[in-house]
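What follows is target13.pdb (PDB, C-alpha atoms).
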```pdb
ATOM      1  CA  MET A   1       1.504 -30.806-180.310  1.00  0.00           C
ATOM      2  CA  MET A   2       3.202 -27.488-180.966  1.00  0.00           C
ATOM      3  CA  GLY A   3       5.702 -27.094-183.760  1.00  0.00           C
ATOM      4  CA  ALA A   4       9.139 -25.807-182.757  1.00  0.00           C
ATOM      5  CA  SER A   5      10.712 -23.627-185.443  1.00  0.00           C
ATOM      6  CA  TYR A   6      14.241 -25.038-185.188  1.00  0.00           C
ATOM      7  CA  LYS A   7      16.002 -27.106-187.860  1.00  0.00           C
ATOM      8  CA  THR A   8      17.296 -29.677-185.359  1.00  0.00           C
ATOM      9  CA  LYS A   9      16.821 -30.627-181.725  1.00  0.00           C
ATOM     10  CA  LYS A  10      20.434 -29.559-181.198  1.00  0.00           C
ATOM     11  CA  ASP A  11      19.485 -26.038-182.388  1.00  0.00           C
ATOM     12  CA  LEU A  12      16.617 -26.014-179.875  1.00  0.00           C
ATOM     13  CA  LYS A  13      18.965 -27.105-177.066  1.00  0.00           C
ATOM     14  CA  ALA A  14      21.351 -24.285-178.025  1.00  0.00           C
ATOM     15  CA  SER A  15      18.471 -21.835-177.422  1.00  0.00           C
ATOM     16  CA  VAL A  16      18.235 -22.459-173.660  1.00  0.00           C
ATOM     17  CA  GLY A  17      17.798 -19.079-171.982  1.00  0.00           C
ATOM     18  CA  GLN A  18      15.910 -17.609-174.954  1.00  0.00           C
ATOM     19  CA  GLU A  19      12.252 -17.372-175.946  1.00  0.00           C
ATOM     20  CA  LEU A  20      10.778 -20.357-177.774  1.00  0.00           C
ATOM     21  CA  ARG A  21      10.042 -19.997-181.504  1.00  0.00           C
ATOM     22  CA  PHE A  22       6.902 -22.060-182.089  1.00  0.00           C
ATOM     23  CA  VAL A  23       3.733 -22.613-184.091  1.00  0.00           C
ATOM     24  CA  GLU A  24       0.464 -23.373-182.281  1.00  0.00           C
ATOM     25  CA  THR A  25      -1.375 -26.314-183.861  1.00  0.00           C
ATOM     26  CA  SER A  26      -4.200 -27.151-181.431  1.00  0.00           C
ATOM     27  CA  PHE A  27      -7.848 -26.625-182.309  1.00  0.00           C
ATOM     28  CA  PHE A  28      -8.651 -26.666-178.587  1.00  0.00           C
ATOM     29  CA  GLY A  29      -6.776 -23.564-177.438  1.00  0.00           C
ATOM     30  CA  PRO A  30      -3.194 -22.492-176.848  1.00  0.00           C
ATOM     31  CA  GLU A  31      -0.681 -25.132-175.770  1.00  0.00           C
ATOM     32  CA  PHE A  32       2.159 -22.716-174.972  1.00  0.00           C
ATOM     33  CA  LYS A  33       2.842 -22.283-171.257  1.00  0.00           C
ATOM     34  CA  ARG A  34       5.010 -19.406-170.097  1.00  0.00           C
ATOM     35  CA  ASP A  35       5.905 -21.550-167.068  1.00  0.00           C
ATOM     36  CA  GLY A  36       5.762 -25.317-167.265  1.00  0.00           C
ATOM     37  CA  THR A  37       6.649 -28.284-169.438  1.00  0.00           C
ATOM     38  CA  PHE A  38       5.239 -29.441-172.776  1.00  0.00           C
ATOM     39  CA  CYS A  39       6.168 -31.415-175.898  1.00  0.00           C
ATOM     40  CA  VAL A  40       7.109 -29.982-179.280  1.00  0.00           C
ATOM     41  CA  VAL A  41       7.826 -31.409-182.721  1.00  0.00           C
ATOM     42  CA  GLY A  42      10.263 -30.077-185.296  1.00  0.00           C
ATOM     43  CA  PRO A  43      11.352 -28.679-187.590  1.00  0.00           C
ATOM     44  CA  SER A  44       7.635 -27.967-188.217  1.00  0.00           C
ATOM     45  CA  PRO A  45       4.276 -29.565-187.432  1.00  0.00           C
ATOM     46  CA  GLU A  46       4.233 -31.045-190.960  1.00  0.00           C
ATOM     47  CA  GLN A  47       7.838 -32.368-190.983  1.00  0.00           C
ATOM     48  CA  ARG A  48       7.981 -34.476-187.827  1.00  0.00           C
ATOM     49  CA  LYS A  49      11.699 -35.319-187.782  1.00  0.00           C
ATOM     50  CA  TRP A  50      12.330 -34.913-184.048  1.00  0.00           C
ATOM     51  CA  PHE A  51      10.439 -34.489-180.777  1.00  0.00           C
ATOM     52  CA  ALA A  52      11.425 -32.810-177.520  1.00  0.00           C
ATOM     53  CA  GLU A  53      10.142 -31.935-174.083  1.00  0.00           C
ATOM     54  CA  VAL A  54      10.675 -28.259-173.257  1.00  0.00           C
ATOM     55  CA  ALA A  55      10.667 -26.722-169.774  1.00  0.00           C
ATOM     56  CA  MET A  56       9.910 -22.994-169.527  1.00  0.00           C
ATOM     57  CA  LYS A  57      10.257 -20.416-166.738  1.00  0.00           C
ATOM     58  CA  ASP A  58       9.329 -16.736-167.081  1.00  0.00           C
ATOM     59  CA  GLY A  59       8.837 -17.242-170.846  1.00  0.00           C
ATOM     60  CA  LEU A  60      12.370 -18.574-171.406  1.00  0.00           C
ATOM     61  CA  ILE A  61      13.577 -22.093-172.211  1.00  0.00           C
ATOM     62  CA  THR A  62      15.232 -23.652-169.162  1.00  0.00           C
ATOM     63  CA  LYS A  63      15.643 -27.272-170.282  1.00  0.00           C
ATOM     64  CA  VAL A  64      15.244 -29.459-173.378  1.00  0.00           C
ATOM     65  CA  LYS A  65      14.963 -33.278-173.193  1.00  0.00           C
TER      66      LYS A  65
END
```

Show this structure as structure tokens.
Amino acid sequence: MMGASYKTKKDLKASVGQELRFVETSFFGPEFKRDGTFCVVGPSPEQRKWFAEVAMKDGLITKVK
């Protein structure tokens, strides 16, 4: 699961329309999708305080659940 570099989920939601700040954590290849949906954890892969599902289009955040 990718780490999202945002202090809170609210901060991530406020970034809709911007590029995602993230840290790749997979040993099996990149998880980031320029277009699509995936899960992230924050505020870092080590500090799992919140989780979110992020939808992307053209490299920009379109929705956060």

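For the residues A:Ser44, A:Thr8, A:Thr37, A:Thr62, ranking by smallest atom-to-atom distance to Glu24 (chain A) using only C-alpha atoms places A:Ser44 first.
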
Next on the checklist: Could you list, as a VMD selection string, every residue within 9 Å of region 12-20 of chain A, counting all atoms listed in the file and ignoring same-chain residues fewer than 4 positions away?
Outcome noted: chain A and resid 4 to 8 52 56 59 to 65

Resulting file, chosen residues, C-alpha atoms, as a PDB file, keeping the file's coordinate frame:
```
ATOM      1  CA  ALA A   4       9.139 -25.807-182.757  1.00  0.00           C
ATOM      2  CA  SER A   5      10.712 -23.627-185.443  1.00  0.00           C
ATOM      3  CA  TYR A   6      14.241 -25.038-185.188  1.00  0.00           C
ATOM      4  CA  LYS A   7      16.002 -27.106-187.860  1.00  0.00           C
ATOM      5  CA  THR A   8      17.296 -29.677-185.359  1.00  0.00           C
ATOM      6  CA  ALA A  52      11.425 -32.810-177.520  1.00  0.00           C
ATOM      7  CA  MET A  56       9.910 -22.994-169.527  1.00  0.00           C
ATOM      8  CA  GLY A  59       8.837 -17.242-170.846  1.00  0.00           C
ATOM      9  CA  LEU A  60      12.370 -18.574-171.406  1.00  0.00           C
ATOM     10  CA  ILE A  61      13.577 -22.093-172.211  1.00  0.00           C
ATOM     11  CA  THR A  62      15.232 -23.652-169.162  1.00  0.00           C
ATOM     12  CA  LYS A  63      15.643 -27.272-170.282  1.00  0.00           C
ATOM     13  CA  VAL A  64      15.244 -29.459-173.378  1.00  0.00           C
ATOM     14  CA  LYS A  65      14.963 -33.278-173.193  1.00  0.00           C
TER      15      LYS A  65
END
```

Checklist entry - What is the distance between CA of Val54 (chain A) and CA of Pro30 (chain A), in Å to one decimal? => result 15.4 Å

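One finds CA of Gly3 (chain A) at 20.0 Å from CA of Asp58 (chain A).
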
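Of the listed residues (A:Gln47, A:Lys10, A:Met1, A:Val40), A:Met1 comes nearest to Phe28 (chain A); the distances count only C-alpha atoms.
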
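Atom to atom, CA of Thr25 (chain A) and CA of Met2 (chain A) stand 5.5 Å apart.
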
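Counting all atoms listed in the file and comparing A:Val41, A:Phe27, A:Arg34, A:Lys9, the residue that lies closest to Lys57 (chain A) is A:Arg34.
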